[in-house]
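For reference, data-v3.csv (CSV, C-alpha atoms):
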```
chain,number,residue,atom,x,y,z
A,557,MET,CA,-100.5,56.6,-123.7
A,558,THR,CA,-98.0,58.9,-122.0
A,559,LYS,CA,-95.4,60.6,-124.1
A,560,PRO,CA,-91.8,59.8,-123.1
A,561,ASP,CA,-91.1,63.4,-122.4
A,562,GLU,CA,-94.0,63.3,-119.8
A,563,TYR,CA,-92.7,60.3,-117.9
A,564,TYR,CA,-92.1,61.4,-114.3
A,565,ALA,CA,-88.8,59.4,-114.3
A,566,ALA,CA,-87.4,61.3,-117.2
A,567,ASN,CA,-88.1,64.5,-115.5
A,568,VAL,CA,-87.0,63.6,-111.9
A,569,LEU,CA,-84.2,61.1,-112.1
A,570,PRO,CA,-81.8,63.1,-114.2
A,571,PRO,CA,-82.2,66.2,-111.9
A,572,ILE,CA,-81.6,64.0,-108.9
A,573,ALA,CA,-78.4,62.6,-110.4
A,574,TRP,CA,-77.2,66.1,-111.3
A,575,ALA,CA,-78.1,67.4,-107.8
A,576,LEU,CA,-76.2,64.5,-106.2
A,577,ASP,CA,-73.2,65.5,-108.3
A,578,LEU,CA,-73.3,68.9,-106.7
A,579,TYR,CA,-74.0,67.4,-103.3
A,580,PHE,CA,-70.9,65.2,-103.5
A,581,LYS,CA,-68.7,68.0,-104.9
A,582,GLN,CA,-69.4,69.8,-101.6
A,583,GLY,CA,-67.5,67.0,-99.9
A,584,LEU,CA,-70.6,65.8,-98.1
A,585,ARG,CA,-71.0,62.1,-97.6
A,586,GLN,CA,-73.9,60.0,-96.9
A,587,LYS,CA,-74.1,57.5,-94.1
A,588,ASP,CA,-73.3,54.0,-95.0
A,589,VAL,CA,-76.8,52.6,-95.5
A,590,GLY,CA,-75.8,49.9,-98.0
A,591,VAL,CA,-77.5,49.4,-101.4
A,592,VAL,CA,-81.0,50.9,-101.3
A,593,GLU,CA,-83.0,50.6,-104.4
A,594,VAL,CA,-86.5,51.7,-105.4
A,595,ILE,CA,-88.5,49.2,-107.5
A,596,PHE,CA,-91.3,50.3,-109.8
A,597,PRO,CA,-93.6,47.4,-111.0
A,598,ALA,CA,-93.9,47.5,-114.8
A,599,GLY,CA,-96.1,44.6,-115.7
A,600,ASP,CA,-96.0,40.8,-115.8
A,601,HIS,CA,-93.9,38.3,-117.6
A,602,LYS,CA,-96.3,36.0,-119.3
A,603,VAL,CA,-95.8,32.6,-121.0
A,604,ALA,CA,-98.8,31.3,-122.9
A,605,LEU,CA,-101.0,33.9,-121.3
A,606,SER,CA,-100.0,32.7,-117.8
A,607,LYS,CA,-98.1,35.0,-115.4
A,608,LYS,CA,-94.7,33.6,-114.6
A,609,GLY,CA,-92.9,36.6,-113.1
A,610,ASN,CA,-92.7,40.4,-112.9
A,611,HIS,CA,-91.2,43.2,-114.9
A,612,GLU,CA,-89.8,46.0,-112.9
A,613,LEU,CA,-87.7,49.1,-113.2
A,614,ALA,CA,-85.0,49.5,-110.5
A,615,VAL,CA,-83.3,52.7,-109.4
A,616,TRP,CA,-80.3,52.7,-107.1
A,617,LEU,CA,-77.2,54.7,-106.1
A,618,SER,CA,-73.8,53.1,-106.7
A,619,LYS,CA,-70.6,54.9,-106.1
A,620,GLN,CA,-72.3,58.3,-106.3
A,621,ASP,CA,-74.1,57.5,-109.5
A,622,VAL,CA,-77.8,57.0,-109.9
A,623,LEU,CA,-78.5,54.0,-112.1
A,624,VAL,CA,-81.7,52.7,-113.6
A,625,ARG,CA,-82.4,49.3,-115.1
A,626,ALA,CA,-85.4,47.4,-116.5
A,627,ARG,CA,-85.4,43.8,-115.5
A,628,CYS,CA,-87.5,40.7,-115.6
A,629,THR,CA,-87.6,38.6,-112.4
A,630,TYR,CA,-88.4,35.4,-114.3
A,631,ASP,CA,-86.2,35.2,-117.4
A,632,LYS,CA,-82.7,36.7,-117.8
A,633,SER,CA,-83.1,36.6,-121.6
A,634,CYS,CA,-86.4,38.4,-121.6
A,635,SER,CA,-86.5,41.4,-124.1
A,636,PHE,CA,-87.7,43.6,-121.2
A,637,ASN,CA,-84.3,43.4,-119.6
A,638,SER,CA,-81.9,46.4,-120.2
A,639,ASP,CA,-78.4,47.4,-119.4
A,640,ARG,CA,-77.8,49.8,-116.6
A,641,VAL,CA,-78.5,53.3,-117.6
A,642,ASP,CA,-76.9,56.4,-116.0
A,643,ALA,CA,-79.7,58.6,-114.8
A,644,ARG,CA,-77.9,61.7,-115.9
A,645,ASP,CA,-78.8,60.7,-119.5
A,646,ARG,CA,-82.4,61.9,-119.8
A,647,ASP,CA,-82.9,60.4,-123.2
A,648,ALA,CA,-81.7,56.9,-122.0
A,649,VAL,CA,-84.0,57.2,-119.0
A,650,LYS,CA,-87.1,58.1,-121.0
A,651,SER,CA,-86.3,55.3,-123.5
A,652,LEU,CA,-87.0,52.7,-120.7
A,653,PRO,CA,-90.6,51.2,-120.6
A,654,TRP,CA,-92.1,53.5,-117.9
A,655,ASP,CA,-95.6,53.3,-119.5
A,656,LYS,CA,-96.7,50.4,-117.3
A,657,THR,CA,-95.5,51.8,-114.0
A,658,GLU,CA,-98.0,53.3,-111.6
A,659,GLN,CA,-97.3,57.0,-112.0
A,660,THR,CA,-99.4,58.0,-109.0
A,661,ARG,CA,-97.0,56.5,-106.5
A,662,PHE,CA,-93.9,57.6,-108.2
A,663,PHE,CA,-93.1,60.7,-106.1
A,664,LYS,CA,-93.7,59.0,-102.8
A,665,ALA,CA,-91.5,56.1,-103.8
A,666,VAL,CA,-88.6,58.4,-104.9
A,667,ARG,CA,-89.1,60.6,-101.8
A,668,ASP,CA,-88.8,57.6,-99.5
A,669,TRP,CA,-85.8,56.3,-101.4
A,670,LEU,CA,-84.0,59.6,-101.0
A,671,LEU,CA,-84.9,59.8,-97.3
A,672,ARG,CA,-83.6,56.3,-96.7
A,673,LEU,CA,-80.3,57.3,-98.3
A,674,ASP,CA,-79.9,59.8,-95.4
A,675,PHE,CA,-78.5,62.8,-97.3
A,676,ASP,CA,-78.3,66.2,-95.6
A,677,PHE,CA,-81.8,67.4,-96.4
A,678,THR,CA,-81.2,71.1,-96.8
A,679,THR,CA,-78.2,70.6,-99.1
A,680,LEU,CA,-80.1,68.1,-101.2
A,681,VAL,CA,-83.0,70.5,-101.7
A,682,ARG,CA,-80.7,73.4,-102.5
A,683,ALA,CA,-78.8,71.2,-105.0
A,684,LEU,CA,-82.1,70.3,-106.8
A,685,VAL,CA,-83.0,74.0,-107.0
A,686,THR,CA,-79.6,74.9,-108.4
A,687,VAL,CA,-79.9,72.1,-111.0
A,688,CYS,CA,-83.2,73.4,-112.1
A,689,ASP,CA,-81.7,76.8,-112.9
A,690,ARG,CA,-78.5,75.4,-114.5
A,691,LYS,CA,-80.1,72.9,-116.8
A,692,VAL,CA,-83.0,75.0,-118.1
A,693,GLU,CA,-82.7,78.2,-120.1
A,694,THR,CA,-84.2,81.0,-118.0
A,695,PRO,CA,-86.3,83.0,-118.1
A,696,LEU,CA,-88.6,80.1,-119.0
A,697,THR,CA,-91.8,80.9,-120.9
A,698,THR,CA,-94.3,78.0,-120.8
A,699,LYS,CA,-96.3,77.0,-123.8
A,700,TYR,CA,-99.2,78.8,-122.2
A,701,GLY,CA,-97.2,82.1,-122.2
A,702,LYS,CA,-96.4,82.4,-118.5
A,703,THR,CA,-92.8,83.4,-117.8
A,704,PHE,CA,-90.7,82.4,-114.8
A,705,ASP,CA,-87.3,84.1,-114.2
A,706,LYS,CA,-86.0,81.2,-112.0
A,707,PHE,CA,-87.1,77.9,-110.7
A,708,ASP,CA,-87.7,79.4,-107.3
A,709,ASP,CA,-90.5,81.6,-108.8
A,710,TYR,CA,-92.1,78.4,-110.2
A,711,ARG,CA,-91.5,76.4,-107.0
A,712,ARG,CA,-93.2,78.9,-104.7
A,713,HIS,CA,-96.4,79.3,-106.8
A,714,LYS,CA,-99.4,77.8,-105.0
A,715,TRP,CA,-97.3,76.1,-102.3
A,716,PRO,CA,-99.3,73.6,-100.2
A,717,GLU,CA,-99.7,74.4,-96.5
A,718,ASP,CA,-98.5,71.0,-95.3
A,719,ALA,CA,-95.2,71.1,-97.2
A,720,THR,CA,-93.1,72.7,-94.4
A,721,PRO,CA,-89.6,72.1,-93.0
A,722,ASP,CA,-91.3,70.3,-90.1
A,723,ASN,CA,-92.8,67.8,-92.5
A,724,ARG,CA,-89.7,66.9,-94.5
A,725,PRO,CA,-91.2,63.9,-96.4
A,726,ARG,CA,-94.1,66.1,-97.7
A,727,LEU,CA,-91.7,69.0,-98.5
A,728,LEU,CA,-89.3,66.8,-100.4
A,729,GLU,CA,-92.2,65.1,-102.3
A,730,GLU,CA,-93.5,68.6,-103.3
A,731,VAL,CA,-90.1,69.7,-104.4
A,732,LEU,CA,-89.6,66.6,-106.6
A,733,PHE,CA,-93.1,67.1,-108.0
A,734,ARG,CA,-92.2,70.7,-109.0
A,735,VAL,CA,-88.8,69.7,-110.4
A,736,ALA,CA,-90.6,67.1,-112.6
A,737,PHE,CA,-93.0,69.7,-114.0
A,738,TRP,CA,-90.3,72.3,-114.4
A,739,PHE,CA,-88.3,69.9,-116.6
A,740,GLN,CA,-91.4,68.7,-118.5
A,741,THR,CA,-92.4,72.3,-119.2
A,742,ALA,CA,-88.8,73.1,-120.4
A,743,ALA,CA,-88.8,70.1,-122.7
A,744,GLU,CA,-92.2,71.2,-124.2
A,745,VAL,CA,-90.7,74.5,-125.3
A,746,ARG,CA,-87.2,73.1,-126.0
A,747,ALA,CA,-85.5,75.0,-123.2
A,748,LEU,CA,-83.4,72.2,-121.8
A,749,LYS,CA,-79.7,72.8,-121.9
```
Once more with this new file: its structure as structure tokens, please.
Amino acid sequence: MTKPDEYYAANVLPPIAWALDLYFKQGLRQKDVGVVEVIFPAGDHKVALSKKGNHELAVWLSKQDVLVRARCTYDKSCSFNSDRVDARDRDAVKSLPWDKTEQTRFFKAVRDWLLRLDFDFTTLVRALVTVCDRKVETPLTTKYGKTFDKFDDYRRHKWPEDATPDNRPRLLEEVLFRVAFWFQTAAEVRALK
């Protein structure tokens, strides 16, 4: 079973929320694309061993806030349901039941969600890099003894060839992947601010 500190959501959604705070402080706006949410299937709602509905975790942007919620599509009184959680609160995000979501598709789903929200790509990536430096005590020494002075040192290590500015979806996916492991590594050595 995955530890809550290792959930991708707990290590990606808070940095995205913090990065969007920086993004919006620049006075930049997003185009009006309506409510766009990303849904992560999180198991089935069963009654007497029979599937009646789905459990899911939803992430969406509302009034410049990234919100997360666990919900049951079958029963509003199901114990799986949760209140809305502000994604800036890492502890609240990791307390949600992410263990039944398919982690292998997580980064692609979040990447596609961010691309559909139509932010200025360069500013968003820069905001993510800035958040990684501001929210983690640097230099960061991993539990394996490797030291990184800044997130950029970590981000550029063994960069894949297909993650280029010409391939924005792949580039954003790789940045999100590295953001997640930067925060997970920092949490392991108690270097989160």
Give one line per residue of region 557-604 of chain A that approaches region 654-660 of chain A to at most 10 Å, naming the two atoms of the closest pair and their distance in Å to one decimal, counting only C-alpha atoms; sort by chain then ascending residue number and deliver it as CSV.
```
residue,atom,partner,partner_atom,distance
A:Met557,CA,A:Asp655,CA,7.2
A:Thr558,CA,A:Asp655,CA,6.6
A:Lys559,CA,A:Asp655,CA,8.6
A:Pro560,CA,A:Trp654,CA,8.2
A:Tyr563,CA,A:Trp654,CA,6.8
A:Tyr564,CA,A:Gln659,CA,7.2
A:Ala565,CA,A:Trp654,CA,7.7
A:Ala566,CA,A:Trp654,CA,9.1
A:Ile595,CA,A:Thr657,CA,9.9
A:Phe596,CA,A:Thr657,CA,6.1
A:Pro597,CA,A:Thr657,CA,5.7
A:Ala598,CA,A:Thr657,CA,4.7
A:Gly599,CA,A:Lys656,CA,6.0
A:Asp600,CA,A:Lys656,CA,9.7
```
Kindly export the residues of the current selection with C-alpha atoms, as a PDB file, keeping the file's coordinate frame.
```
ATOM      1  CA  MET A 557    -100.500  56.600-123.700  1.00  0.00           C
ATOM      2  CA  THR A 558     -98.000  58.900-122.000  1.00  0.00           C
ATOM      3  CA  LYS A 559     -95.400  60.600-124.100  1.00  0.00           C
ATOM      4  CA  PRO A 560     -91.800  59.800-123.100  1.00  0.00           C
ATOM      5  CA  TYR A 563     -92.700  60.300-117.900  1.00  0.00           C
ATOM      6  CA  TYR A 564     -92.100  61.400-114.300  1.00  0.00           C
ATOM      7  CA  ALA A 565     -88.800  59.400-114.300  1.00  0.00           C
ATOM      8  CA  ALA A 566     -87.400  61.300-117.200  1.00  0.00           C
ATOM      9  CA  ILE A 595     -88.500  49.200-107.500  1.00  0.00           C
ATOM     10  CA  PHE A 596     -91.300  50.300-109.800  1.00  0.00           C
ATOM     11  CA  PRO A 597     -93.600  47.400-111.000  1.00  0.00           C
ATOM     12  CA  ALA A 598     -93.900  47.500-114.800  1.00  0.00           C
ATOM     13  CA  GLY A 599     -96.100  44.600-115.700  1.00  0.00           C
ATOM     14  CA  ASP A 600     -96.000  40.800-115.800  1.00  0.00           C
TER      15      ASP A 600
END
```
Next on the checklist: With 12 Å as the threshold, what does the neighbourhood of (-93.8, 73.7, -112.5) contain in terms of residues, counting only C-alpha atoms? Coordinates are those of the file; answer as a PyMOL selection string.
Outcome noted: chain A and resi 567+688+696-698+702-704+706-715+730-743
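A straight line drawn from CA of Leu748 (chain A) to CA of Glu693 (chain A) is 6.3 Å long.
CA of Leu569 (chain A) lies 22.8 Å from CA of Thr629 (chain A).
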Checklist entry - Which of these, A:Ala648, A:Val641, A:Cys634, A:Val692, has the shortest distance to Leu617 (chain A) once you count all atoms listed in the file? => result A:Val641
Item to check | Contacts of Val681 (chain A) within 12 Å, all atoms listed in the file, excl. fewer than 2 positions in-chain, as a ChimeraX atom specification | outcome: /A:571-572,575-576,578-579,667,670-671,675-679,683-688,708,711,721,724-725,727-732,734-735
Next on the checklist: So the first atom is CA of Tyr630 (chain A) and the second is CA of Lys608 (chain A); what is the distance between them in Å, to one decimal place?
Outcome noted: 6.6 Å
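For the choices A:Glu717, A:Asp642, A:Glu562, A:Asp631, the atom-to-atom distance to Val615 (chain A) is smallest for A:Asp642 when using only C-alpha atoms.
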